$ cat protein.cif   # mmCIF, C-alpha atoms
data_input
loop_
_atom_site.group_PDB
_atom_site.id
_atom_site.type_symbol
_atom_site.label_atom_id
_atom_site.label_comp_id
_atom_site.auth_asym_id
_atom_site.auth_seq_id
_atom_site.Cartn_x
_atom_site.Cartn_y
_atom_site.Cartn_z
ATOM 1 C CA MET B 16 -72.070 -76.542 40.029
ATOM 2 C CA ASN B 17 -71.181 -74.929 43.346
ATOM 3 C CA LYS B 18 -71.763 -71.204 43.294
ATOM 4 C CA LYS B 19 -68.808 -68.976 44.132
ATOM 5 C CA ASN B 20 -69.191 -66.583 47.063
ATOM 6 C CA ILE B 21 -68.420 -63.016 45.953
ATOM 7 C CA ALA B 22 -68.051 -60.068 48.324
ATOM 8 C CA VAL B 23 -68.788 -56.601 46.959
ATOM 9 C CA LEU B 24 -67.093 -54.004 49.156
ATOM 10 C CA ALA B 25 -68.860 -50.719 49.928
ATOM 11 C CA GLY B 26 -68.317 -47.648 52.078
ATOM 12 C CA GLY B 27 -64.789 -46.723 53.069
ATOM 13 C CA ASN B 28 -63.351 -43.887 55.123
ATOM 14 C CA SER B 29 -63.554 -40.940 52.747
ATOM 15 C CA SER B 30 -66.080 -38.355 51.626
ATOM 16 C CA GLU B 31 -67.070 -40.758 48.853
ATOM 17 C CA PHE B 32 -68.737 -43.159 51.322
ATOM 18 C CA PHE B 33 -72.293 -42.757 50.030
ATOM 19 C CA ILE B 34 -71.233 -42.771 46.369
ATOM 20 C CA SER B 35 -69.480 -46.058 47.094
ATOM 21 C CA LEU B 36 -72.668 -47.532 48.534
ATOM 22 C CA LYS B 37 -74.480 -46.704 45.292
ATOM 23 C CA SER B 38 -71.670 -48.139 43.158
ATOM 24 C CA ALA B 39 -71.674 -51.347 45.200
ATOM 25 C CA GLU B 40 -75.440 -51.625 44.868
ATOM 26 C CA THR B 41 -75.176 -51.404 41.070
ATOM 27 C CA ILE B 42 -72.476 -54.076 40.907
ATOM 28 C CA ALA B 43 -74.237 -56.417 43.357
ATOM 29 C CA ASN B 44 -77.507 -56.103 41.440
ATOM 30 C CA GLU B 45 -75.840 -56.801 38.103
ATOM 31 C CA LEU B 46 -73.729 -59.825 39.084
ATOM 32 C CA ASP B 47 -74.956 -63.140 37.714
ATOM 33 C CA LYS B 48 -76.970 -64.688 40.556
ATOM 34 C CA GLU B 49 -77.152 -68.010 38.703
ATOM 35 C CA ARG B 50 -73.372 -68.290 39.016
ATOM 36 C CA PHE B 51 -72.573 -66.414 42.221
ATOM 37 C CA ASN B 52 -73.746 -65.939 45.787
ATOM 38 C CA VAL B 53 -73.397 -62.186 46.176
ATOM 39 C CA PHE B 54 -72.763 -60.497 49.534
ATOM 40 C CA THR B 55 -72.304 -56.770 50.141
ATOM 41 C CA VAL B 56 -69.753 -55.909 52.824
ATOM 42 C CA GLN B 57 -69.742 -52.411 54.296
ATOM 43 C CA ILE B 58 -66.371 -51.210 55.540
ATOM 44 C CA LYS B 59 -66.390 -48.172 57.791
ATOM 45 C CA ALA B 60 -63.253 -47.729 59.894
ATOM 46 C CA ASN B 61 -63.007 -50.909 62.024
ATOM 47 C CA GLU B 62 -66.643 -51.907 61.518
ATOM 48 C CA TRP B 63 -66.886 -54.518 58.754
ATOM 49 C CA THR B 64 -70.407 -55.906 58.387
ATOM 50 C CA LEU B 65 -72.649 -57.559 55.842
ATOM 51 C CA ILE B 66 -75.419 -55.231 54.688
ATOM 52 C CA ASN B 67 -77.350 -57.341 52.185
ATOM 53 C CA ASP B 68 -80.875 -58.174 53.335
ATOM 54 C CA LEU B 69 -80.541 -61.808 54.380
ATOM 55 C CA ASN B 70 -77.327 -61.319 56.352
ATOM 56 C CA CYS B 71 -77.583 -57.691 57.416
ATOM 57 C CA GLY B 72 -75.496 -56.891 60.479
ATOM 58 C CA LEU B 73 -73.347 -60.016 60.538
ATOM 59 C CA ILE B 74 -69.744 -59.237 61.478
ATOM 60 C CA ILE B 75 -66.853 -59.943 59.126
ATOM 61 C CA HIS B 76 -63.937 -61.719 60.841
ATOM 62 C CA LYS B 77 -60.864 -59.780 59.777
ATOM 63 C CA ASN B 78 -58.386 -62.589 60.409
ATOM 64 C CA ASP B 79 -59.620 -64.471 57.325
ATOM 65 C CA PHE B 80 -62.406 -62.269 55.889
ATOM 66 C CA SER B 81 -65.187 -64.690 56.747
ATOM 67 C CA PHE B 82 -68.495 -64.546 58.625
ATOM 68 C CA THR B 83 -70.511 -66.967 60.715
ATOM 69 C CA ASN B 84 -74.189 -67.546 60.016
ATOM 70 C CA ARG B 85 -76.190 -69.902 62.254
ATOM 71 C CA GLY B 86 -73.010 -71.588 63.388
ATOM 72 C CA GLN B 87 -71.779 -72.092 59.812
ATOM 73 C CA LYS B 88 -68.563 -70.346 58.738
ATOM 74 C CA GLU B 89 -68.718 -68.780 55.275
ATOM 75 C CA LYS B 90 -65.685 -67.723 53.245
ATOM 76 C CA PHE B 91 -65.353 -65.791 50.010
ATOM 77 C CA ASP B 92 -63.885 -66.935 46.707
ATOM 78 C CA LEU B 93 -63.466 -63.451 45.264
ATOM 79 C CA VAL B 94 -63.723 -59.778 46.216
ATOM 80 C CA ILE B 95 -64.943 -56.867 44.080
ATOM 81 C CA SER B 96 -64.234 -53.482 45.621
ATOM 82 C CA ALA B 97 -66.541 -50.539 44.998
ATOM 83 C CA ILE B 98 -64.822 -48.410 47.643
ATOM 84 C CA HIS B 99 -63.735 -45.075 46.196
ATOM 85 C CA GLY B 100 -60.991 -43.447 48.234
ATOM 86 C CA THR B 101 -59.284 -45.022 51.225
ATOM 87 C CA PRO B 102 -58.922 -47.911 52.042
ATOM 88 C CA GLY B 103 -60.285 -49.329 48.786
ATOM 89 C CA GLU B 104 -58.502 -47.326 46.110
ATOM 90 C CA ASP B 105 -55.146 -46.620 47.727
ATOM 91 C CA GLY B 106 -53.784 -50.167 48.046
ATOM 92 C CA LEU B 107 -54.549 -50.819 51.716
ATOM 93 C CA LEU B 108 -57.282 -53.409 51.202
ATOM 94 C CA GLN B 109 -55.409 -54.913 48.270
ATOM 95 C CA ALA B 110 -52.449 -55.578 50.577
ATOM 96 C CA TYR B 111 -54.783 -57.162 53.151
ATOM 97 C CA PHE B 112 -56.347 -59.521 50.602
ATOM 98 C CA ASP B 113 -52.921 -60.390 49.192
ATOM 99 C CA MET B 114 -51.771 -61.315 52.699
ATOM 100 C CA ILE B 115 -54.707 -63.604 53.441
ATOM 101 C CA GLY B 116 -54.799 -65.061 49.937
ATOM 102 C CA ILE B 117 -58.202 -63.963 48.638
ATOM 103 C CA PRO B 118 -58.257 -62.950 44.948
ATOM 104 C CA TYR B 119 -59.870 -59.692 43.902
ATOM 105 C CA ILE B 120 -60.847 -57.859 40.749
ATOM 106 C CA GLY B 121 -58.873 -54.712 40.091
ATOM 107 C CA SER B 122 -55.420 -53.223 40.400
ATOM 108 C CA GLY B 123 -52.911 -54.481 42.938
ATOM 109 C CA VAL B 124 -51.129 -52.695 45.773
ATOM 110 C CA LEU B 125 -48.522 -50.790 43.786
ATOM 111 C CA ALA B 126 -50.776 -49.599 40.962
ATOM 112 C CA SER B 127 -53.506 -48.602 43.423
ATOM 113 C CA SER B 128 -51.248 -46.624 45.752
ATOM 114 C CA LEU B 129 -49.393 -44.958 42.865
ATOM 115 C CA THR B 130 -52.478 -43.838 40.938
ATOM 116 C CA PHE B 131 -54.196 -42.697 44.141
ATOM 117 C CA SER B 132 -51.454 -40.096 44.606
ATOM 118 C CA LYS B 133 -51.922 -37.648 41.746
ATOM 119 C CA PHE B 134 -48.512 -36.003 42.223
ATOM 120 C CA TYR B 135 -46.490 -39.216 42.437
ATOM 121 C CA CYS B 136 -48.406 -40.732 39.528
ATOM 122 C CA ASN B 137 -47.609 -37.671 37.413
ATOM 123 C CA THR B 138 -43.955 -37.827 38.478
ATOM 124 C CA PHE B 139 -43.779 -41.503 37.519
ATOM 125 C CA LEU B 140 -45.449 -40.981 34.145
ATOM 126 C CA ASN B 141 -43.046 -38.169 33.304
ATOM 127 C CA ASN B 142 -40.480 -40.936 32.726
ATOM 128 C CA PHE B 143 -42.442 -42.187 29.715
ATOM 129 C CA ASP B 144 -43.154 -40.430 26.450
ATOM 130 C CA ILE B 145 -46.844 -41.370 26.379
ATOM 131 C CA VAL B 146 -48.886 -38.287 27.239
ATOM 132 C CA ASN B 147 -48.421 -34.651 28.271
ATOM 133 C CA ILE B 148 -48.272 -34.032 32.021
ATOM 134 C CA ALA B 149 -49.180 -30.656 33.520
ATOM 135 C CA LYS B 150 -46.676 -28.941 35.800
ATOM 136 C CA SER B 151 -47.553 -29.352 39.469
ATOM 137 C CA ALA B 152 -46.384 -28.744 43.026
ATOM 138 C CA LEU B 153 -46.958 -30.788 46.191
ATOM 139 C CA ILE B 154 -47.613 -29.317 49.633
ATOM 140 C CA ARG B 155 -47.741 -31.441 52.770
ATOM 141 C CA LYS B 156 -49.828 -30.566 55.797
ATOM 142 C CA GLY B 157 -47.755 -28.680 58.351
ATOM 143 C CA THR B 158 -45.547 -26.976 55.772
ATOM 144 C CA GLU B 159 -45.963 -23.363 54.736
ATOM 145 C CA ALA B 160 -47.159 -22.575 51.220
ATOM 146 C CA ASN B 161 -45.704 -19.540 49.462
ATOM 147 C CA ALA B 162 -48.411 -18.175 47.147
ATOM 148 C CA ASN B 163 -45.992 -16.035 45.126
ATOM 149 C CA GLU B 164 -43.615 -18.939 44.442
ATOM 150 C CA ILE B 165 -46.472 -21.243 43.459
ATOM 151 C CA ILE B 166 -47.962 -18.719 41.040
ATOM 152 C CA ASP B 167 -44.542 -17.966 39.538
ATOM 153 C CA GLN B 168 -44.127 -21.702 38.884
ATOM 154 C CA LEU B 169 -47.625 -22.660 37.759
ATOM 155 C CA GLY B 170 -49.400 -19.469 36.773
ATOM 156 C CA ILE B 171 -52.984 -18.308 37.312
ATOM 157 C CA PRO B 172 -55.539 -19.770 37.042
ATOM 158 C CA CYS B 173 -54.474 -23.070 38.596
ATOM 159 C CA PHE B 174 -56.160 -26.057 40.200
ATOM 160 C CA VAL B 175 -55.807 -26.964 43.859
ATOM 161 C CA LYS B 176 -56.703 -30.574 44.654
ATOM 162 C CA PRO B 177 -56.345 -33.087 47.454
ATOM 163 C CA ASN B 178 -53.443 -35.271 46.348
ATOM 164 C CA ALA B 179 -55.400 -38.370 47.386
ATOM 165 C CA GLY B 180 -59.135 -38.108 46.824
ATOM 166 C CA GLY B 181 -61.962 -38.378 44.345
ATOM 167 C CA SER B 182 -65.370 -37.183 43.153
ATOM 168 C CA SER B 183 -63.918 -33.640 43.018
ATOM 169 C CA PHE B 184 -64.198 -33.154 46.785
ATOM 170 C CA GLY B 185 -61.945 -30.302 47.934
ATOM 171 C CA ILE B 186 -60.994 -29.105 44.433
ATOM 172 C CA THR B 187 -60.824 -25.399 43.629
ATOM 173 C CA LYS B 188 -60.026 -23.529 40.449
ATOM 174 C CA VAL B 189 -58.048 -20.549 41.724
ATOM 175 C CA LYS B 190 -58.193 -17.364 39.663
ATOM 176 C CA LYS B 191 -56.763 -14.836 42.144
ATOM 177 C CA LYS B 192 -53.666 -15.004 44.324
ATOM 178 C CA GLU B 193 -55.606 -14.214 47.502
ATOM 179 C CA ASP B 194 -57.780 -17.293 46.950
ATOM 180 C CA LEU B 195 -54.856 -19.712 46.756
ATOM 181 C CA LEU B 196 -54.140 -20.310 50.453
ATOM 182 C CA PRO B 197 -57.848 -20.725 51.400
ATOM 183 C CA ALA B 198 -58.149 -23.265 48.575
ATOM 184 C CA ILE B 199 -55.135 -25.160 49.904
ATOM 185 C CA ASN B 200 -56.656 -25.240 53.381
ATOM 186 C CA GLU B 201 -59.915 -26.578 51.945
ATOM 187 C CA ALA B 202 -58.059 -29.346 50.108
ATOM 188 C CA PHE B 203 -56.257 -30.294 53.335
ATOM 189 C CA GLU B 204 -59.646 -31.252 54.761
ATOM 190 C CA GLU B 205 -59.660 -34.187 52.311
ATOM 191 C CA SER B 206 -55.995 -35.179 52.279
ATOM 192 C CA ASP B 207 -52.714 -34.630 54.145
ATOM 193 C CA GLU B 208 -51.128 -33.665 50.850
ATOM 194 C CA VAL B 209 -52.296 -31.073 48.325
ATOM 195 C CA ILE B 210 -51.361 -30.917 44.659
ATOM 196 C CA ILE B 211 -51.457 -27.635 42.750
ATOM 197 C CA GLU B 212 -51.541 -27.975 38.959
ATOM 198 C CA GLU B 213 -51.187 -25.545 36.100
ATOM 199 C CA PHE B 214 -54.441 -24.935 34.257
ATOM 200 C CA ILE B 215 -54.694 -26.577 30.848
ATOM 201 C CA GLU B 216 -57.629 -25.150 28.918
ATOM 202 C CA GLY B 217 -59.324 -27.600 26.603
ATOM 203 C CA ASP B 218 -62.000 -30.273 26.299
ATOM 204 C CA GLU B 219 -62.334 -32.954 28.968
ATOM 205 C CA ILE B 220 -62.220 -36.436 27.441
ATOM 206 C CA GLN B 221 -62.448 -39.667 29.417
ATOM 207 C CA CYS B 222 -61.750 -43.240 28.379
ATOM 208 C CA GLY B 223 -62.703 -46.481 30.100
ATOM 209 C CA ILE B 224 -60.726 -49.690 29.683
ATOM 210 C CA PHE B 225 -60.351 -53.215 31.027
ATOM 211 C CA LYS B 226 -58.175 -56.089 29.964
ATOM 212 C CA THR B 227 -58.264 -59.825 30.471
ATOM 213 C CA LYS B 228 -55.483 -62.292 29.752
ATOM 214 C CA GLU B 229 -56.985 -62.833 26.308
ATOM 215 C CA ASN B 230 -58.466 -59.501 25.225
ATOM 216 C CA GLU B 231 -58.420 -55.728 25.552
ATOM 217 C CA TYR B 232 -61.691 -53.796 25.840
ATOM 218 C CA VAL B 233 -61.322 -50.056 25.229
ATOM 219 C CA LEU B 234 -64.663 -48.324 25.705
ATOM 220 C CA PRO B 235 -66.138 -45.388 23.747
ATOM 221 C CA LEU B 236 -64.843 -41.980 24.786
ATOM 222 C CA VAL B 237 -66.874 -39.521 26.840
ATOM 223 C CA GLU B 238 -66.823 -35.787 26.215
ATOM 224 C CA ILE B 239 -67.712 -33.716 29.281
ATOM 225 C CA ILE B 240 -69.560 -30.408 28.885
ATOM 226 C CA SER B 241 -69.890 -28.975 32.388
ATOM 227 C CA GLN B 242 -72.300 -26.208 33.356
ATOM 228 C CA THR B 243 -70.087 -25.426 36.333
ATOM 229 C CA GLU B 244 -66.566 -23.957 36.343
ATOM 230 C CA PHE B 245 -65.116 -27.459 35.928
ATOM 231 C CA PHE B 246 -66.317 -31.068 36.227
ATOM 232 C CA ASP B 247 -66.890 -30.822 39.989
ATOM 233 C CA TYR B 248 -69.113 -32.779 42.400
ATOM 234 C CA LYS B 249 -72.259 -30.856 41.416
ATOM 235 C CA ALA B 250 -71.591 -31.393 37.735
ATOM 236 C CA LYS B 251 -71.011 -35.106 38.293
ATOM 237 C CA TYR B 252 -73.922 -35.937 40.573
ATOM 238 C CA GLU B 253 -76.488 -33.151 40.258
ATOM 239 C CA ASN B 254 -77.076 -33.254 36.497
ATOM 240 C CA LEU B 255 -75.078 -30.113 35.822
ATOM 241 C CA SER B 256 -73.075 -31.607 32.987
ATOM 242 C CA GLU B 257 -73.671 -33.025 29.552
ATOM 243 C CA GLU B 258 -71.882 -36.311 28.911
ATOM 244 C CA ILE B 259 -71.586 -37.032 25.203
ATOM 245 C CA ILE B 260 -70.783 -40.606 24.133
ATOM 246 C CA PRO B 261 -69.016 -41.043 21.824
ATOM 247 C CA ALA B 262 -67.014 -37.840 22.074
ATOM 248 C CA ARG B 263 -67.449 -35.434 19.166
ATOM 249 C CA ILE B 264 -63.871 -35.675 17.957
ATOM 250 C CA SER B 265 -62.232 -37.186 14.895
ATOM 251 C CA GLU B 266 -61.603 -40.898 14.528
ATOM 252 C CA GLU B 267 -57.864 -40.194 14.586
ATOM 253 C CA LEU B 268 -58.080 -38.320 17.922
ATOM 254 C CA THR B 269 -60.367 -41.043 19.294
ATOM 255 C CA LYS B 270 -57.936 -43.818 18.387
ATOM 256 C CA ARG B 271 -55.013 -41.837 19.778
ATOM 257 C CA CYS B 272 -56.768 -41.369 23.143
ATOM 258 C CA GLN B 273 -57.673 -45.056 23.309
ATOM 259 C CA ASN B 274 -54.080 -46.005 22.477
ATOM 260 C CA ILE B 275 -52.714 -43.648 25.147
ATOM 261 C CA THR B 276 -55.167 -45.119 27.655
ATOM 262 C CA SER B 277 -54.037 -48.658 26.827
ATOM 263 C CA GLN B 278 -50.363 -47.721 27.193
ATOM 264 C CA LEU B 279 -50.971 -45.990 30.529
ATOM 265 C CA TYR B 280 -52.948 -49.020 31.768
ATOM 266 C CA ASP B 281 -49.947 -51.254 31.053
ATOM 267 C CA VAL B 282 -47.245 -48.891 32.320
ATOM 268 C CA LEU B 283 -49.131 -48.390 35.597
ATOM 269 C CA ASN B 284 -49.796 -52.172 35.773
ATOM 270 C CA CYS B 285 -53.523 -51.647 36.179
ATOM 271 C CA LYS B 286 -56.051 -54.468 36.411
ATOM 272 C CA GLY B 287 -59.846 -54.533 36.189
ATOM 273 C CA ILE B 288 -61.893 -51.557 35.019
ATOM 274 C CA VAL B 289 -60.043 -48.237 34.915
ATOM 275 C CA ARG B 290 -61.113 -44.793 33.720
ATOM 276 C CA MET B 291 -58.474 -42.376 32.425
ATOM 277 C CA ASP B 292 -59.228 -38.645 32.330
ATOM 278 C CA PHE B 293 -57.628 -36.197 29.907
ATOM 279 C CA ILE B 294 -57.748 -32.639 28.623
ATOM 280 C CA LEU B 295 -57.626 -32.308 24.835
ATOM 281 C CA LYS B 296 -55.935 -29.040 23.883
ATOM 282 C CA ASP B 297 -54.952 -28.127 20.322
ATOM 283 C CA GLY B 298 -54.942 -31.761 19.246
ATOM 284 C CA GLU B 299 -52.769 -32.908 22.169
ATOM 285 C CA TYR B 300 -53.810 -34.956 25.189
ATOM 286 C CA TRP B 301 -52.912 -33.938 28.734
ATOM 287 C CA PHE B 302 -53.257 -36.495 31.505
ATOM 288 C CA LEU B 303 -55.486 -35.649 34.477
ATOM 289 C CA GLU B 304 -55.712 -38.869 36.485
ATOM 290 C CA ALA B 305 -56.324 -42.610 36.495
ATOM 291 C CA ASN B 306 -59.312 -43.936 38.431
ATOM 292 C CA THR B 307 -58.720 -47.576 39.386
ATOM 293 C CA ILE B 308 -62.152 -47.948 41.038
ATOM 294 C CA PRO B 309 -64.350 -45.681 38.922
ATOM 295 C CA GLY B 310 -67.913 -44.883 39.910
ATOM 296 C CA MET B 311 -70.505 -47.495 38.961
ATOM 297 C CA THR B 312 -73.677 -45.658 39.976
ATOM 298 C CA ALA B 313 -76.536 -45.104 37.544
ATOM 299 C CA GLU B 314 -75.123 -41.609 36.862
ATOM 300 C CA SER B 315 -71.521 -42.771 36.498
ATOM 301 C CA LEU B 316 -69.601 -42.614 33.247
ATOM 302 C CA VAL B 317 -68.228 -46.150 32.990
ATOM 303 C CA PRO B 318 -71.665 -47.843 33.003
ATOM 304 C CA GLN B 319 -72.690 -45.393 30.255
ATOM 305 C CA MET B 320 -69.571 -46.301 28.267
ATOM 306 C CA ILE B 321 -70.279 -50.018 28.728
ATOM 307 C CA ARG B 322 -73.822 -49.654 27.427
ATOM 308 C CA LYS B 323 -72.594 -47.597 24.456
ATOM 309 C CA ALA B 324 -70.198 -50.435 23.641
ATOM 310 C CA ASP B 325 -73.260 -52.748 23.412
ATOM 311 C CA MET B 326 -72.228 -54.621 26.539
ATOM 312 C CA THR B 327 -73.854 -55.023 29.941
ATOM 313 C CA ILE B 328 -72.318 -54.661 33.371
ATOM 314 C CA LYS B 329 -73.171 -58.331 33.958
ATOM 315 C CA GLU B 330 -71.204 -59.357 30.865
ATOM 316 C CA VAL B 331 -68.222 -57.241 31.876
ATOM 317 C CA PHE B 332 -68.046 -58.666 35.386
ATOM 318 C CA ASN B 333 -68.499 -62.214 34.110
ATOM 319 C CA LEU B 334 -65.405 -61.646 31.965
ATOM 320 C CA LEU B 335 -63.444 -60.133 34.862
ATOM 321 C CA VAL B 336 -64.473 -62.811 37.382
ATOM 322 C CA ASP B 337 -63.602 -65.641 34.989
ATOM 323 C CA ASP B 338 -60.276 -63.997 34.202
ATOM 324 C CA VAL B 339 -59.255 -63.779 37.871
ATOM 325 C CA LEU B 340 -60.562 -67.179 38.948
ATOM 326 C CA SER B 341 -58.920 -68.924 35.998
ATOM 327 C CA THR B 342 -55.479 -67.834 37.185
#

$ encode --input "protein.cif" --output "structure tokens"
Amino acid sequence: MNKKNIAVLAGGNSSEFFISLKSAETIANELDKERFNVFTVQIKANEWTLINDLNCGLIIHKNDFSFTNRGQKEKFDLVISAIHGTPGEDGLLQAYFDMIGIPYIGSGVLASSLTFSKFYCNTFLNNFDIVNIAKSALIRKGTEANANEIIDQLGIPCFVKPNAGGSSFGITKVKKKEDLLPAINEAFEESDEVIIEEFIEGDEIQCGIFKTKENEYVLPLVEIISQTEFFDYKAKYENLSEEIIPARISEELTKRCQNITSQLYDVLNCKGIVRMDFILKDGEYWFLEANTIPGMTAESLVPQMIRKADMTIKEVFNLLVDDVLST
């Protein structure tokens, strides 16, 4: 049996670069080496290179996503992206691979670009009676923000976030009016658009999911207990949070969250592994965001969910690879 060549993408052009490298390392290490030749490709602006030991430094040819080793041209049968942020999570690389005809695991162009924009994703989901959506406002770089109008609309406290970003970079919980504009300016360092959301006080619950043509796999819920003001970068990556799996909620609330997650996955036309984040307030779920390329580091939530479901990352990716290549 000829082994398939699989490229695991790492890096990207956002503040999540180093987290992406760790996610890619986890995936590459867990892929079934008896079935696949695994190559890690680092993408950083226009520099696309192989970074796995045997081929480190070899240039990727962008015209057909191939590389040349000792005069031999090598192509890829499948791509797995571990790039959080742009260009991996916003649809740009998905469009490139669609154009050159290389299959990939994960959501396509439309689902990726829609879910990457928190404001537009919320606006889209408001058309469906699936889950509660917090009120929000969008501010584009170069336009003037009126603190009084924003607070009248959304109240205090509120959250200021980059509209396109992850790992809680640039997010501020604003409790005083005078802190609003500085928070907006900080968020603009991560994105050209800033979303401001009303504060929904409750428990943070997250649900992982993936589907194949044959089956649906909804993972155990995670309950987040953060030692910081909210589940920010420090809480996520510096052991300042308690992540309880399964979440300490009733079976009825668990099933409802998993059902909401499945419906959102379908409505957004997601593919591959996705993590949905919610706030549970007074028995009702409020949508936070959909992560179409969730973290896969040792500290990340989805690998914890997978293990709690008595599965391994290798098993999950075998299912996903077979599902895509059988198309």

$ atom_distance --input "protein.cif" --atom1 "CA of Leu169 (chain B)" --atom2 "CA of Ile240 (chain B)"
24.9 Å

$ residues_around --input "protein.cif" --residues "Leu340 (chain B)" --least-positions-apart "3" --cutoff "10 Å" --atoms "only C-alpha atoms" --output "PyMOL selection string"
chain B and resi 19+92-93+118-120+335-337

$ resolve_selection --input "protein.cif" --expression "the PyMOL selection byres ((chain B and resi 66) around 8)" --output "list in words"
Phe54, Thr55, Val56, Gln57, Thr64, Leu65, Asn67, Asp68, Asn70, Cys71, Gly72 and Leu73 of chain B

$ atom_distance --input "protein.cif" --atom1 "CA of Glu164 (chain B)" --atom2 "CA of Asp292 (chain B)"
27.9 Å

$ closest_atom_pairs --input "protein.cif" --of "region 232-306 of chain B" --to "region 142-148 of chain B" --cutoff "10 Å" --atoms "only C-alpha atoms" --output "Markdown table"
| residue | atom | partner | partner_atom | distance |
| --- | --- | --- | --- | --- |
| B:Cys272 | CA | B:Val146 | CA | 9.4 |
| B:Asn274 | CA | B:Ile145 | CA | 9.4 |
| B:Ile275 | CA | B:Ile145 | CA | 6.4 |
| B:Thr276 | CA | B:Ile145 | CA | 9.2 |
| B:Gln278 | CA | B:Ile145 | CA | 7.3 |
| B:Leu279 | CA | B:Ile145 | CA | 7.5 |
| B:Val282 | CA | B:Phe143 | CA | 8.6 |
| B:Phe293 | CA | B:Val146 | CA | 9.4 |
| B:Ile294 | CA | B:Asn147 | CA | 9.5 |
| B:Glu299 | CA | B:Asn147 | CA | 7.7 |
| B:Tyr300 | CA | B:Asn147 | CA | 6.2 |
| B:Trp301 | CA | B:Asn147 | CA | 4.6 |
| B:Phe302 | CA | B:Ile148 | CA | 5.6 |
| B:Leu303 | CA | B:Ile148 | CA | 7.8 |
| B:Glu304 | CA | B:Ile148 | CA | 9.9 |

$ write_last_selection --input "protein.cif" --atoms "C-alpha atoms" --output "PDB file, keeping the file's coordinate frame"
ATOM      1  CA  CYS B 272     -56.768 -41.369  23.143  1.00  0.00           C
ATOM      2  CA  ASN B 274     -54.080 -46.005  22.477  1.00  0.00           C
ATOM      3  CA  ILE B 275     -52.714 -43.648  25.147  1.00  0.00           C
ATOM      4  CA  THR B 276     -55.167 -45.119  27.655  1.00  0.00           C
ATOM      5  CA  GLN B 278     -50.363 -47.721  27.193  1.00  0.00           C
ATOM      6  CA  LEU B 279     -50.971 -45.990  30.529  1.00  0.00           C
ATOM      7  CA  VAL B 282     -47.245 -48.891  32.320  1.00  0.00           C
ATOM      8  CA  PHE B 293     -57.628 -36.197  29.907  1.00  0.00           C
ATOM      9  CA  ILE B 294     -57.748 -32.639  28.623  1.00  0.00           C
ATOM     10  CA  GLU B 299     -52.769 -32.908  22.169  1.00  0.00           C
ATOM     11  CA  TYR B 300     -53.810 -34.956  25.189  1.00  0.00           C
ATOM     12  CA  TRP B 301     -52.912 -33.938  28.734  1.00  0.00           C
ATOM     13  CA  PHE B 302     -53.257 -36.495  31.505  1.00  0.00           C
ATOM     14  CA  LEU B 303     -55.486 -35.649  34.477  1.00  0.00           C
ATOM     15  CA  GLU B 304     -55.712 -38.869  36.485  1.00  0.00           C
TER      16      GLU B 304
END

$ atom_distance --input "protein.cif" --atom1 "CA of Lys192 (chain B)" --atom2 "CA of Glu213 (chain B)"
13.6 Å

$ closest_residue --input "protein.cif" --among "B:Asp338, B:Glu219, B:Glu49, B:Asp207" --to "Asn178 (chain B)" --atoms "only C-alpha atoms"
B:Asp207

$ residues_around --input "protein.cif" --residues "Gly27 (chain B)" --least-positions-apart "4" --cutoff "10 Å" --atoms "all atoms listed in the file" --output "list in words"
Glu31, Phe32, Phe33, Ser35, Leu36, Gln57, Ile58, Lys59, Ala60, Trp63, Ala97, Ile98, His99, Gly100, Thr101, Pro102, Gly103 and Glu104 of chain B

$ resolve_selection --input "protein.cif" --expression "the PyMOL selection byres ((chain B and resi 128) around 12)" --output "MDAnalysis selection string"
chainID B and resid 100:110 122:127 129:136 178:180 283:285 305:308

$ closest_residue --input "protein.cif" --among "B:Val23, B:Ile154, B:Leu295, B:Leu195" --to "Asn44 (chain B)" --atoms "only C-alpha atoms"
B:Val23

$ residues_around --input "protein.cif" --residues "region 183-190 of chain B" --least-positions-apart "2" --cutoff "7 Å" --atoms "all atoms listed in the file" --output "VMD selection string"
chain B and resid 171 to 177 181 192 194 to 195 198 201 to 202 205 247 to 248

$ build_atoms --input "protein.cif" --residues "region 227-234 of chain B" --atoms "N, CA and C atoms" --output "tab-separated table (two decimals), in the frame of the given file"
chain	number	residue	atom	x	y	z
B	227	THR	N	-58.38	-58.47	29.93
B	227	THR	CA	-58.26	-59.82	30.47
B	227	THR	C	-56.98	-60.42	29.90
B	228	LYS	N	-56.69	-61.65	30.29
B	228	LYS	CA	-55.48	-62.29	29.75
B	228	LYS	C	-55.58	-62.48	28.24
B	229	GLU	N	-56.79	-62.54	27.72
B	229	GLU	CA	-56.98	-62.83	26.31
B	229	GLU	C	-57.29	-61.60	25.46
B	230	ASN	N	-57.95	-60.60	26.04
B	230	ASN	CA	-58.47	-59.50	25.22
B	230	ASN	C	-58.32	-58.15	25.91
B	231	GLU	N	-58.40	-57.12	25.09
B	231	GLU	CA	-58.42	-55.73	25.55
B	231	GLU	C	-59.76	-55.13	25.15
B	232	TYR	N	-60.40	-54.43	26.09
B	232	TYR	CA	-61.69	-53.80	25.84
B	232	TYR	C	-61.54	-52.30	26.14
B	233	VAL	N	-61.40	-51.51	25.08
B	233	VAL	CA	-61.32	-50.06	25.23
B	233	VAL	C	-62.69	-49.49	24.89
B	234	LEU	N	-63.28	-48.77	25.83
B	234	LEU	CA	-64.66	-48.32	25.70
B	234	LEU	C	-64.76	-47.00	24.94
